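K.L.:
One structure coming up, written as structure tokens, with questions to follow.
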Amino acid sequence: MAIQTFAAIDVGSFELELGIYEVSPKYGICRIDHIHHVIALGKDTYSFGKISYKLVEEMCRVLEDFSEIMKGYHVINYRAYATSALREAKNSQIVLEQIRVRTGIEVFIISNSEQRLISYKAVASKDIEFNRIIQKGTAIVDVGYGSMQISLFDKDALISTQNLMLGILRIRSMLSHIQTDRESLNGIISELVDNEMLAFRKMYLKERNITNLIGIGDCLLYLSRHINGGNVAGKISAEAYNTFYDRLLSLTQDQIQEIFEVNADYASLLRPCAIIYKQILELTGAEMFWIPGIRLCDGIAAEYAEDMKLIKFSHDFSEDILAASRNMAKRYKCHTAHIQIMEKHVLSIFDCTKKYHGLGKRERLLLQISAILHSCGNFISMKNTGDCAYNIIMGTEIIGLSHLERAVIANVVFYNIREFDYNAVQLDGEFLRNAGEGVSQTEMSILIAKLTAILRLANSMDRSQRQKLADCKMAVKEEGLVVSTGYEGDITVEALDFERKADFFEEIFGVRPVLKHKRRVL
Amino acid sequence: MMNGMDVNYLDSKNYVNRELSWLEFNYRVLSEARDKNLPLFERLKFLSITASNLDEFFMVRVASLKDMVHAKYTKTDISGLKPADQLGKIGEKTHELVNLQYSTYNRSLLPALKQNGLRIISRHEDLNEEEGVFVDQYFKVNVYPVLTPMAVDSSRPFPLIRNKSLNIAALLQKKEADECLEFAMVQVPSVLPRIVEVPDRADIKDKMAADSCETVKTVILLEEIIERNIHSLFLNYHIIAAHPFRIMRNADLTLDEEEAVDLLEEIQKQLKKRQWGEAIRLEVEEDVDKRLLKILKRELALSTSDIYEINGPLDFTILMKMYGLEGFEHLKAGRYIPQQIPALMNDDDIFTNIRKGDILLHHPYQTFDPVVDFVRCAAKDSGVLAIKQTLYRVSGNSPIIAALAEAADNGKQVSVLVELKARFDEENNINWAKKLEKAGCHVIYGLVGLKTHSKITLVVRREEDGIRRYVHLGTGNYNDSTAKLYTDLGLLTCSQLIGEDATAVFNMLSGYSEPLSWNRLIAAPIWLRGRFLRMIRRETRHGREGKKAHIIAKMNSLCDKEIIAALYEASCAGVKVELIIRGICCLKAGEKGLSENISVHSIVGNFLEHSRIFYFENDGSRELYLGSADWMPRNLDKRVEIMFPVENDDLKAEVLHILEVQLEDNVKAHILQPDGTYDKVDKRGKLLVNSQEQFCQEAVQKVMDEMVKTDSSDSRIFQPVESHS
């Protein structure tokens with residue numbers, strides 16, 4: 001397959017970036033140009049809640065240039081993503097519209113969890129290292145301008161991920177009005193970080209053994225040049241980092257500018273960044289610090305290459321999404337055996353009825369996650385389990401999912417035990433808009449209805465939560481979707497519920513599920 | 001050895017004023033004009049160069065000092081002199097220099113020219129009757145119609161006199177009245193040739209032939225013809241006195257870039273203003289009528305020290321035209337033809353050749369054609385996506401501009417940074433820039449507050465295994481004309497690391513943020529100064545530790561205080577510092593306890609030394625860099641410059657060889673003495689080394705070697721053995 005030229009655009013909180021990549025199965029992903037323009041969108045958003053006209057103007061001008069550069073490279077495809085500064089700006093929609101009209105570039109706002117997964121894909125594109133490192137307890141810490149993300153990996157799987165509102169630009173904005181000396185400022189930043197981190201430790205880290213720390217984020221790239229003797233990427237010991245840290249903290253702002261060869265804007269960001277990593281190293285007790293030297297643009301390219309089947313990661317990121325969901329289910333004390341059989345049932349129904357629902361791989365994943373999380377509401381209230389589950393899911397970051405996808409899952413779980421009302425599906429208009437053109441409320445309602453129908457049917461098949469239909473087989477025959485089981489005992493509860501749920505299923509797919517109980521003749 | 005702590009390296013007494021050092025340089029050029037070993041016409045050319053140099057020096061440097069004095073700016077320079085003091089010293093030294101220029105011309109060149117068949121009639125009074133008739137007729141037919149005589153009286157103000165124009169001033173008296181003298185002037189028209197050939201008299205021809213001259217020519221200067229006929233311009237007047245004069249005006253462009261909304265317009269506006277700046281120098285014939293001089297002095301508001309009374313033709317730049325007179329080729333240096341580059345002497349295209357390995361170009365010994373070809377091929381090559389280039393000074397009708405326009409036409413993305421602020425070239429550059437824009441190139445008109453002096457071309461090409469970047473980096477401008485005269489080095493490479501950096505350079509020039517880190521290139525104004533200082537200090541450290549330390553640096557000018565102080569420190573640490581500096585050098589060499597390990601060589605030859613090479617011994621891990629920057633504050637702080645390493649061992653050896661040969665030069669090299677003067681090397685008992693000549697020969701030899709190599713490898717002819725003994 002020929003080499004494809006791809007462009008990745010990151011509309012970040014502090015910079016606009018354009019990465020030009022060549023992607024091919026033979027040579028993998030090669031970055032051939034990287035252009036960035038400092039524009040502190042985050043400053044506007046975090047201070048005033050919206051992005052000023054002046055910055056929009058500047059942003060459009062730069063993006064117009066980007067578009068020219070892309071033409072110059074004969075780019076055949078691009079993806080442009082915006083992160084927290086636009087996500088949190090009240091006027092984000094009009095800003096995106098302006099960009100689209102003036103530059104022709106379609107920018108999509110991605111959720112924090114999508115953004116992080118994309119970054120991890122960039123890390124994973126440095127394949128061998130990543131797989132080797134995450135065999136042991138590993139924390140990936142991505143300190144961004146607006147927030148930071150901590151994800152814990154162990155034995156090749158994601159255990160949990162949390163977003164903390166501790167971005168370096170945010171910290172700088174918070175402290176900008178405080179007049180104090182350097183020492184005290186260092187202390188204040190450490191304290192801020194400590195508070196947030198302690199909560200994280202109690203909730204998620206517990207006694208887990210973390211050996212490795214992987215650091216990503218733009219600011220770290222500037223730091224790492226000096227941690228690592230001029231090279232951007234590399235591994236160092238915690239001890240070496242501490243030595244570097246002590247030296248950095250003793251420097252004045254001017255000295256930082258001179259030594260790190262950065263301008264004043266960047267220089268003021270390096271210290272908070274260094275402090276955050278120092279605290280994390282201490283808190284986790286990690287011995288090794290790896291800075292793979294990647295940017296979000298690299299991740300966007302990796303994601304594209306994977307989607308286009310130009311490259312294949314040996315690490316399965318869908319598994320991470322599932323692992324994160326299972327961990328969530330565990331945290332809310334969901335019934336593991338029931339969940340396992342539910343996963344099996346929903347997937348079997350989904351695979352069996354492809355012809356009827358016409359859904360793809362991604363929707364299959366959403367369905368599977370809905371099955372995993374369908375009963376999490378019980379943790380709070382047995383009576384209002386649907387509402388509670390909806391709120392839990394909407395309030396929890398699930399790595400790799402967009403806001404819209406999360407809302408789909410929450411709705412599917414919500415309607416699992418409630419009369420489905422096409423007109424009452426709760427979908428925030430903003431999620432739809434962020435998802436881009438062609439995604440309408442109706443379409444999403446239909447998707448939710450389809451997934452709900454499958455989930456309900458699967459749920460009825462384990463109504464008693466005793467996995468009676470573990471052996472069931474499915475096939476679409478003349479009389480409908482035939483689910484046959486050879487279960488020896490009584491399945492009346494399941495059969496009754498199945499029959500009830502079959503109506504809705506038939507309404508949605510036009511095929512009636514039929515439960516056949518085949519008893520062995522003695 | 002002195003300890004670094006004992007010397008205050010930054011003390012102004014350790015530095016030489018840059019203007020005085022520049023005048024020293026012009027003396028060195030003048031010494032070429034005085035060198036009897038040089039072909040006669042080459043000496044004329046050098047004399048002409050001293051004159052054009054001096055003109056530029058006045059318009060830029062002296063003018064700027066005058067501005068400072070007017071503004072009551074009293075800050076001292078690197079050597080502790082205030083602007084007014086500097087002007088005083090410059091005046092003194094310039095008067096001496098001008099005297100030496102004219103005594104060289106009158107005593108040495110003029111007689112020698114006559115002896116060799118070129119008779120120059122310096123005064124129209126020396127014309128005989130026959131010649132007089134000819135020039136009068138010439139005046140009537142050719143000159144008179146284009147003259148605009150201007151009289152000055154109460155109703156007509158003193159006319160504006162154009163910068164650098166040649167004029168004749170006259171004192172008139174009405175024929176009817178007496179006493180009252182009037183001032184009038186006429187510009188010597190620049191549209192007519194200033195050198196007018198006069199048909200030779202038979203007697204002179206015979207005499208010359210007897211002296212076995214190959215060509216015989218008699219010439220007179222236009223102003224003498226006008227002076228002779230000036231009465232015909234002022235018919236009712238007696239001509240009391242008439243003398244040519246020339247003025248120079250302040251030409252320094254002080255652009256306020258922060259405020260200039262449209263840089264282009266601003267420069268155009270400044271250009272129009274330029275010729276009417278303040279007068280800063282008046283050249284006038286030596287025996288000028290004192291009344292006439294008084295009027296000029298008053299009207300032009302000049303002080304006595306600004307007036308140069310000249311014993312000979314004004315404006316020696318005319319000698320360059322004289323050099324071009326036909327028939328005297330035997331009195332000029334043999335023309336050297338730039339040689340081919342061995343690595344390119346094959347049928348492969350330039351990209352294929354670059355892929356074989358980095359290619360070093362040494363101009364003008366080697367041809368500049370590959371650089372033009374590089375852009376030309378890129379313009380036509382279907383795989384090329386983009387061409388990016390910085391242009392500082394380009395030739396008229398530049399083939400590079402044409403190629404860039406063609407590339408844009410062929411759908412390539414062409415980005416060109418045209419530096420509008422290149423002094424004296426603004427008008428030229430604006431024209432090219434507009435032409436390129438029309439062709440569809442993306443033109444960047446320089447950067448606010450910075451001059452882009454770097455010389456870099458990037459070609460982005462899509463190849464089978466992905467994008468590959470080809471880069472040309474040079475020490476000289478993309479000017480195919482000057483590349484025949486300026487010694488420069490260039491590198492063609494497709495190194496991935498340099499390619500990435502080159503991309504980053506152009507991204508920065510387009511207004512984007514700096515890259516996270518640089519692979520190989522070092523750019524001013526942000527990184528270069530620091531890098532130089534670090535490298536010099538590393539040698540100092542090595543010197544102190546007794547490790548191998550040695551600095552060789554070749555450049556056009558050295559006047560950066562911080563760098564000089566670092567060099568003094570290195571010298572005091574025992575580091576051998578060998579500098580090859582063509583022009584200004586504010587460093588004091590060979591001074592005990594300060595710079596006893598520093599030597600400064602200056603080579604003034606047929607070619608203008610222009611390459612910048614920097615060598616650092618680094619305890620055996622030698623580093624060699626080429627670049628566009630001098631060690632001057634303006635290069636390090638106010639310009640975009642690029643320095644690049646030579647990493648290939650063979651090429652490194654080649655560049656080092658260039659430095660070594662230049663250091664051995666004992667024909668064209670002058671050595672800076674502790675008293676600030678420059679002396680030629682004592683050649684007694686030594687093998688003569690003329691570095692420029694040697695490089696010419698070496699370039700020819702390389703081509704021959706390559707031809708032999710190709711011939712023998714391509715040979716398909718069997719050679720039968722004819723006899724067996």
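Each chain in the structure tokens gets a letter, A, B, ..., in the order shown, and its residues are numbered from 1; ligands are numbered from 1 in order too.
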Distance table requested - chain A against chain B, cut-off 8 Å, only C-alpha atoms: one row per qualifying residue with the closest atom pair and its distance in Å to one decimal, ordered by chain and rising residue number, as a tab-separated table.
P.N.:
```
residue	atom	partner	partner_atom	distance
A:Ile3	CA	B:Gly466	CA	6.7
A:Glu22	CA	B:Gly466	CA	6.9
A:Tyr27	CA	B:Asp465	CA	8.0
A:Ile32	CA	B:Ile467	CA	7.4
A:Asp33	CA	B:Thr503	CA	6.9
A:His34	CA	B:Ala504	CA	7.8
A:Ile35	CA	B:Asn507	CA	6.4
A:His36	CA	B:Ser513	CA	5.6
A:His37	CA	B:Tyr512	CA	5.1
A:Val38	CA	B:Ser513	CA	6.7
A:Gly72	CA	B:Gln413	CA	5.3
A:Tyr73	CA	B:Leu385	CA	6.2
A:His74	CA	B:Leu385	CA	7.6
A:Leu221	CA	B:Leu516	CA	7.4
A:Tyr222	CA	B:Leu516	CA	6.6
A:Arg225	CA	B:Ser517	CA	7.6
A:Gly230	CA	B:Ser517	CA	7.7
A:Val232	CA	B:Ser517	CA	7.8
A:Glu261	CA	B:Trp527	CA	7.8
```
K.L.:
Just write the chosen residues, C-alpha atoms, as an mmCIF file, in the first residue's frame.
P.N.:
```
data_model
loop_
_atom_site.group_PDB
_atom_site.id
_atom_site.type_symbol
_atom_site.label_atom_id
_atom_site.label_comp_id
_atom_site.auth_asym_id
_atom_site.auth_seq_id
_atom_site.Cartn_x
_atom_site.Cartn_y
_atom_site.Cartn_z
ATOM 1 C CA ILE A 3 2.343 5.978 1.683
ATOM 2 C CA GLU A 22 3.453 9.825 6.382
ATOM 3 C CA TYR A 27 7.327 2.360 7.276
ATOM 4 C CA ILE A 32 7.661 14.990 8.571
ATOM 5 C CA ASP A 33 6.709 18.414 9.776
ATOM 6 C CA HIS A 34 5.489 19.942 12.949
ATOM 7 C CA ILE A 35 4.343 23.507 13.253
ATOM 8 C CA HIS A 36 3.066 25.133 16.350
ATOM 9 C CA HIS A 37 1.823 28.554 17.192
ATOM 10 C CA VAL A 38 1.436 29.744 20.746
ATOM 11 C CA GLY A 72 1.625 21.924 -0.014
ATOM 12 C CA TYR A 73 2.241 18.444 1.312
ATOM 13 C CA HIS A 74 -0.620 17.020 -0.742
ATOM 14 C CA LEU A 221 8.978 17.885 26.366
ATOM 15 C CA TYR A 222 10.745 21.140 27.132
ATOM 16 C CA ARG A 225 15.447 18.216 26.828
ATOM 17 C CA GLY A 230 19.361 17.322 24.833
ATOM 18 C CA VAL A 232 13.497 14.779 23.937
ATOM 19 C CA GLU A 261 16.039 28.236 25.573
#
```
K.L.:
Can you list, as a ChimeraX atom specification, every residue of segment 26-269 of chain A that DSSP puts in strand (DSSP E or B)?
P.N.:
/A:28-38,77-82,107-109,138-143,148-154,157-164,212-216,234-237
K.L.:
Between atom CA of Ile171 of chain A and atom CA of Ile150 of chain A, measure the distance and give it in Å to one decimal.
P.N.:
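We find that atom CA of Ile171 of chain A and atom CA of Ile150 of chain A lie 17.1 Å from each other.
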K.L.:
Of the candidates B:Ala549, B:Ile161, B:Leu344, B:Ile581, which one gets nearest to Ser621 of chain B if we count only C-alpha atoms?
P.N.:
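Of the candidates, the smallest distance to Ser621 of chain B is held by B:Ala549.
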K.L.:
Could you give me the residues within segment 190-304 of chain A that DSSP places in helix (DSSP H, G or I), as a PyMOL selection string?
P.N.:
chain A and resi 190-205+218-227+238-249+253-260+264-284+296-304
K.L.:
For Leu359 of chain A, work out the shell of residues within 10 Å, counting only C-alpha atoms and skipping chain neighbours fewer than 6 positions away, then give it as a short mmCIF file (atom, residue, chain, number, x, y, z; two decimals) with N, CA and C atoms, in the first residue's frame.
P.N.:
```
data_model
loop_
_atom_site.label_atom_id
_atom_site.label_comp_id
_atom_site.auth_asym_id
_atom_site.auth_seq_id
_atom_site.Cartn_x
_atom_site.Cartn_y
_atom_site.Cartn_z
N PHE A 350 -26.24 -9.56 19.22
CA PHE A 350 -25.75 -8.55 18.28
C PHE A 350 -25.21 -9.22 17.01
N ASP A 351 -24.36 -10.24 17.23
CA ASP A 351 -23.71 -10.88 16.08
C ASP A 351 -24.72 -11.63 15.21
N THR A 353 -27.87 -10.88 14.78
CA THR A 353 -28.90 -10.06 14.13
C THR A 353 -28.32 -8.89 13.33
N LEU A 447 -30.34 4.53 17.73
CA LEU A 447 -29.23 3.69 18.18
C LEU A 447 -29.48 3.22 19.62
N LYS A 450 -32.10 0.55 19.70
CA LYS A 450 -31.59 -0.76 19.24
C LYS A 450 -30.79 -1.45 20.33
N LEU A 451 -29.85 -0.66 20.90
CA LEU A 451 -29.00 -1.27 21.93
C LEU A 451 -29.84 -1.66 23.15
#
```
K.L.:
So which residues touch Met474 of chain A within 12 Å, counting only C-alpha atoms, skipping near sequence neighbours fewer than 4 positions away, as a PDB file with C-alpha atoms, in the first residue's frame?
P.N.:
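Below you can see result_38.pdb, which holds the result:
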```pdb
ATOM      1  CA  LYS A 344     -21.986 -13.063  26.320  1.00  0.00           C
ATOM      2  CA  HIS A 345     -25.705 -12.772  25.588  1.00  0.00           C
ATOM      3  CA  VAL A 346     -25.656  -9.249  24.207  1.00  0.00           C
ATOM      4  CA  LEU A 347     -22.775 -10.029  21.905  1.00  0.00           C
ATOM      5  CA  SER A 348     -24.391 -13.217  20.681  1.00  0.00           C
ATOM      6  CA  ILE A 349     -27.650 -11.400  19.940  1.00  0.00           C
ATOM      7  CA  PHE A 350     -25.747  -8.548  18.283  1.00  0.00           C
ATOM      8  CA  ASP A 351     -23.713 -10.885  16.080  1.00  0.00           C
ATOM      9  CA  CYS A 352     -26.740 -12.952  15.191  1.00  0.00           C
ATOM     10  CA  THR A 353     -28.901 -10.056  14.128  1.00  0.00           C
ATOM     11  CA  ALA A 458     -30.206 -10.341  27.221  1.00  0.00           C
ATOM     12  CA  LEU A 469     -29.048 -19.934  29.791  1.00  0.00           C
ATOM     13  CA  ALA A 470     -25.281 -20.152  29.768  1.00  0.00           C
ATOM     14  CA  GLY A 480     -37.634 -15.389  14.273  1.00  0.00           C
ATOM     15  CA  LEU A 481     -34.551 -15.097  16.454  1.00  0.00           C
ATOM     16  CA  VAL A 482     -34.511 -18.460  18.057  1.00  0.00           C
ATOM     17  CA  VAL A 483     -32.777 -18.759  21.397  1.00  0.00           C
ATOM     18  CA  SER A 484     -32.590 -22.353  22.409  1.00  0.00           C
ATOM     19  CA  THR A 485     -31.400 -23.736  25.680  1.00  0.00           C
ATOM     20  CA  PRO A 513     -37.203 -13.512  19.500  1.00  0.00           C
ATOM     21  CA  VAL A 514     -38.377 -16.937  20.436  1.00  0.00           C
ATOM     22  CA  LEU A 515     -37.099 -18.843  23.440  1.00  0.00           C
ATOM     23  CA  LYS A 516     -37.022 -22.600  22.992  1.00  0.00           C
TER      24      LYS A 516
END
```
K.L.:
Pick the closest to Ala169 of chain B from B:Leu118, B:Val372, B:Leu181, B:Leu296: which is it, counting only C-alpha atoms?
P.N.:
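Nearest to Ala169 of chain B: B:Leu296.
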K.L.:
What is the atom CA of Arg291 of chain B to atom CA of Asn163 of chain B distance in Å?
P.N.:
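Separation between atom CA of Arg291 of chain B and atom CA of Asn163 of chain B: 22.7 Å.
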K.L.:
Using only C-alpha atoms, which protein or nucleic acid residues come within 7 Å of segment 45-52 of chain A? Drop anything in the same chain fewer than 3 positions from it, and give the result as a ChimeraX atom specification.
P.N.:
/A:41-42,55-56,85,88-91,170
K.L.:
Could you save those same residues with N, CA, C and O atoms as an mmCIF file, in the first residue's frame?
P.N.:
```
data_model
loop_
_atom_site.group_PDB
_atom_site.id
_atom_site.type_symbol
_atom_site.label_atom_id
_atom_site.label_comp_id
_atom_site.auth_asym_id
_atom_site.auth_seq_id
_atom_site.Cartn_x
_atom_site.Cartn_y
_atom_site.Cartn_z
ATOM 1 N N LEU A 41 -5.491 29.996 24.250
ATOM 2 C CA LEU A 41 -6.955 29.924 24.273
ATOM 3 C C LEU A 41 -7.430 29.638 25.691
ATOM 4 O O LEU A 41 -8.435 30.163 26.151
ATOM 5 N N GLY A 42 -6.658 28.795 26.368
ATOM 6 C CA GLY A 42 -7.025 28.375 27.719
ATOM 7 C C GLY A 42 -7.120 29.549 28.667
ATOM 8 O O GLY A 42 -7.958 29.585 29.554
ATOM 9 N N LEU A 55 -8.828 36.277 19.737
ATOM 10 C CA LEU A 55 -8.164 34.977 19.625
ATOM 11 C C LEU A 55 -8.768 34.135 18.504
ATOM 12 O O LEU A 55 -8.063 33.409 17.820
ATOM 13 N N VAL A 56 -10.080 34.261 18.322
ATOM 14 C CA VAL A 56 -10.725 33.508 17.240
ATOM 15 C C VAL A 56 -10.138 33.956 15.904
ATOM 16 O O VAL A 56 -9.806 33.157 15.033
ATOM 17 N N ALA A 85 -9.721 23.788 26.223
ATOM 18 C CA ALA A 85 -10.027 25.223 26.134
ATOM 19 C C ALA A 85 -11.317 25.436 25.352
ATOM 20 O O ALA A 85 -12.170 26.231 25.745
ATOM 21 N N GLU A 88 -14.498 23.635 27.167
ATOM 22 C CA GLU A 88 -15.084 24.335 28.309
ATOM 23 C C GLU A 88 -15.573 25.731 27.963
ATOM 24 O O GLU A 88 -16.197 26.388 28.781
ATOM 25 N N ALA A 89 -15.261 26.213 26.767
ATOM 26 C CA ALA A 89 -15.675 27.575 26.409
ATOM 27 C C ALA A 89 -17.161 27.590 26.079
ATOM 28 O O ALA A 89 -17.659 26.711 25.381
ATOM 29 N N LYS A 90 -17.849 28.622 26.598
ATOM 30 C CA LYS A 90 -19.293 28.688 26.381
ATOM 31 C C LYS A 90 -19.613 28.922 24.904
ATOM 32 O O LYS A 90 -20.656 28.534 24.413
ATOM 33 N N ASN A 91 -18.714 29.611 24.231
ATOM 34 C CA ASN A 91 -19.004 29.943 22.834
ATOM 35 C C ASN A 91 -18.335 28.984 21.849
ATOM 36 O O ASN A 91 -18.063 29.339 20.705
ATOM 37 N N ARG A 170 -3.733 26.253 34.125
ATOM 38 C CA ARG A 170 -4.765 26.535 35.121
ATOM 39 C C ARG A 170 -4.102 26.943 36.439
ATOM 40 O O ARG A 170 -4.527 27.894 37.088
#
```
K.L.:
Can you pull out the residues contacting segment 262-273 of chain A? Cut-off 9 Å, using only C-alpha atoms, and skip same-chain residues under 3 positions away; I want them as a ChimeraX atom specification.
P.N.:
/A:143-145,167-169,171-172,186,189-190,219-220,222-223,245,248-249,253-254,256-259,276-278 /B:514,516
K.L.:
How would the residues just chosen look if you wrote them out with N, CA, C and O atoms as a compact mmCIF listing (two decimals), in the first residue's frame?
P.N.:
```txt
# COMPACT_ATOMS: atom_id res chain seq x y z
N VAL A 143 0.29 15.56 31.99
CA VAL A 143 0.02 16.88 32.55
C VAL A 143 -0.18 17.85 31.39
O VAL A 143 0.74 18.14 30.64
N GLY A 144 -1.40 18.29 31.24
CA GLY A 144 -1.72 19.19 30.14
C GLY A 144 -1.79 20.61 30.64
O GLY A 144 -1.45 20.92 31.78
N TYR A 145 -2.25 21.48 29.77
CA TYR A 145 -2.36 22.88 30.16
C TYR A 145 -3.61 23.10 31.02
O TYR A 145 -3.60 23.90 31.92
N GLY A 167 -4.14 21.44 35.56
CA GLY A 167 -3.31 21.76 34.39
C GLY A 167 -2.34 22.87 34.74
O GLY A 167 -2.61 23.67 35.63
N ILE A 168 -1.23 22.92 34.03
CA ILE A 168 -0.24 23.93 34.40
C ILE A 168 -0.69 25.35 34.07
O ILE A 168 -0.41 26.27 34.82
N LEU A 169 -1.44 25.49 32.99
CA LEU A 169 -1.92 26.83 32.65
C LEU A 169 -2.96 27.26 33.68
O LEU A 169 -3.04 28.40 34.09
N ILE A 171 -3.03 26.24 36.78
CA ILE A 171 -2.33 26.58 38.02
C ILE A 171 -1.76 27.99 37.90
O ILE A 171 -1.89 28.81 38.81
N ARG A 172 -1.18 28.27 36.74
CA ARG A 172 -0.58 29.60 36.57
C ARG A 172 -1.65 30.68 36.67
O ARG A 172 -1.46 31.71 37.31
N ASN A 186 6.62 27.97 45.01
CA ASN A 186 6.88 26.54 44.84
C ASN A 186 6.09 25.74 45.86
O ASN A 186 5.50 24.70 45.57
N ILE A 189 2.31 25.65 45.06
CA ILE A 189 2.01 24.71 43.97
C ILE A 189 2.07 23.27 44.50
O ILE A 189 1.17 22.47 44.25
N SER A 190 3.12 22.98 45.28
CA SER A 190 3.25 21.62 45.82
C SER A 190 2.03 21.25 46.63
O SER A 190 1.52 20.13 46.56
N CYS A 219 4.54 20.28 27.88
CA CYS A 219 5.47 21.00 28.72
C CYS A 219 6.65 20.14 29.13
O CYS A 219 7.78 20.59 29.21
N LEU A 220 6.32 18.89 29.36
CA LEU A 220 7.36 17.95 29.78
C LEU A 220 8.43 17.81 28.70
O LEU A 220 9.59 17.55 29.00
N TYR A 222 9.72 20.11 26.95
CA TYR A 222 10.74 21.14 27.13
C TYR A 222 11.65 20.79 28.30
O TYR A 222 12.85 20.99 28.26
N LEU A 223 11.02 20.28 29.36
CA LEU A 223 11.82 19.89 30.51
C LEU A 223 12.77 18.77 30.16
O LEU A 223 13.94 18.79 30.51
N TYR A 245 15.37 18.31 39.40
CA TYR A 245 14.31 19.13 39.98
C TYR A 245 14.88 20.17 40.95
O TYR A 245 14.52 21.33 40.93
N LEU A 248 16.44 22.89 39.01
CA LEU A 248 15.45 23.75 38.32
C LEU A 248 14.84 24.75 39.29
O LEU A 248 14.67 25.93 38.99
N LEU A 249 14.51 24.25 40.50
CA LEU A 249 13.83 25.12 41.45
C LEU A 249 14.72 26.24 41.96
O LEU A 249 14.23 27.25 42.47
N GLN A 253 13.43 32.91 36.89
CA GLN A 253 12.68 32.83 35.64
C GLN A 253 13.60 33.12 34.44
O GLN A 253 13.53 32.45 33.41
N ASP A 254 14.46 34.13 34.60
CA ASP A 254 15.37 34.51 33.51
C ASP A 254 16.33 33.39 33.19
O ASP A 254 16.61 33.09 32.03
N ILE A 256 15.85 30.26 33.72
CA ILE A 256 15.11 29.18 33.06
C ILE A 256 14.99 29.48 31.58
O ILE A 256 15.25 28.62 30.73
N GLN A 257 14.66 30.72 31.27
CA GLN A 257 14.55 31.12 29.87
C GLN A 257 15.84 30.86 29.13
O GLN A 257 15.85 30.36 28.01
N GLU A 258 16.94 31.23 29.78
CA GLU A 258 18.24 31.12 29.11
C GLU A 258 18.65 29.66 28.94
O GLU A 258 18.99 29.22 27.84
N ILE A 259 18.57 28.92 30.04
CA ILE A 259 19.07 27.55 30.00
C ILE A 259 18.18 26.65 29.14
O ILE A 259 18.65 25.83 28.36
N ILE A 276 4.65 19.09 39.64
CA ILE A 276 3.61 18.05 39.55
C ILE A 276 4.27 16.67 39.40
O ILE A 276 3.94 15.73 40.12
N TYR A 277 5.21 16.57 38.51
CA TYR A 277 5.84 15.25 38.30
C TYR A 277 6.62 14.79 39.52
O TYR A 277 6.66 13.61 39.84
N LYS A 278 7.23 15.75 40.19
CA LYS A 278 7.99 15.40 41.38
C LYS A 278 7.04 14.80 42.43
O LYS A 278 7.32 13.78 43.05
N GLU B 514 9.29 28.33 17.70
CA GLU B 514 10.53 27.61 17.52
C GLU B 514 10.32 26.12 17.78
O GLU B 514 9.39 25.75 18.50
N LEU B 516 11.04 22.36 19.32
CA LEU B 516 11.41 21.93 20.66
C LEU B 516 12.91 21.88 20.79
O LEU B 516 13.49 22.27 21.79
```
K.L.:
Please provide the set of residues having any atom within 9 Å of Gly400 of chain A, restricted to only C-alpha atoms, with same-chain residues fewer than 3 positions apart removed, written as a list in words.
P.N.:
Ser111, Asn112, Ser113, Glu114, Gln115, Arg116, Leu117, Ile118, Phe317, Ser318, Asp320, Ile321 and Glu397 of chain A
K.L.:
When you count only C-alpha atoms, which of these residues is closest to Asp679 of chain B: B:Val98, B:Leu65, B:Val667, B:Ile400?
P.N.:
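Under the stated criterion, the closest residue is B:Val667.
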K.L.:
Work out how far atom CA of Val412 of chain A is from atom CA of Phe504 of chain A, in Å to one decimal.
P.N.:
13.6 Å
K.L.:
Looking at only C-alpha atoms, which of A:Met461, A:Ile300, A:Ile448, A:Ala389 is the one that sits closest to His357 of chain A?
P.N.:
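Of A:Met461, A:Ile300, A:Ile448, A:Ala389, the one nearest His357 of chain A is A:Ile448, counting only C-alpha atoms.
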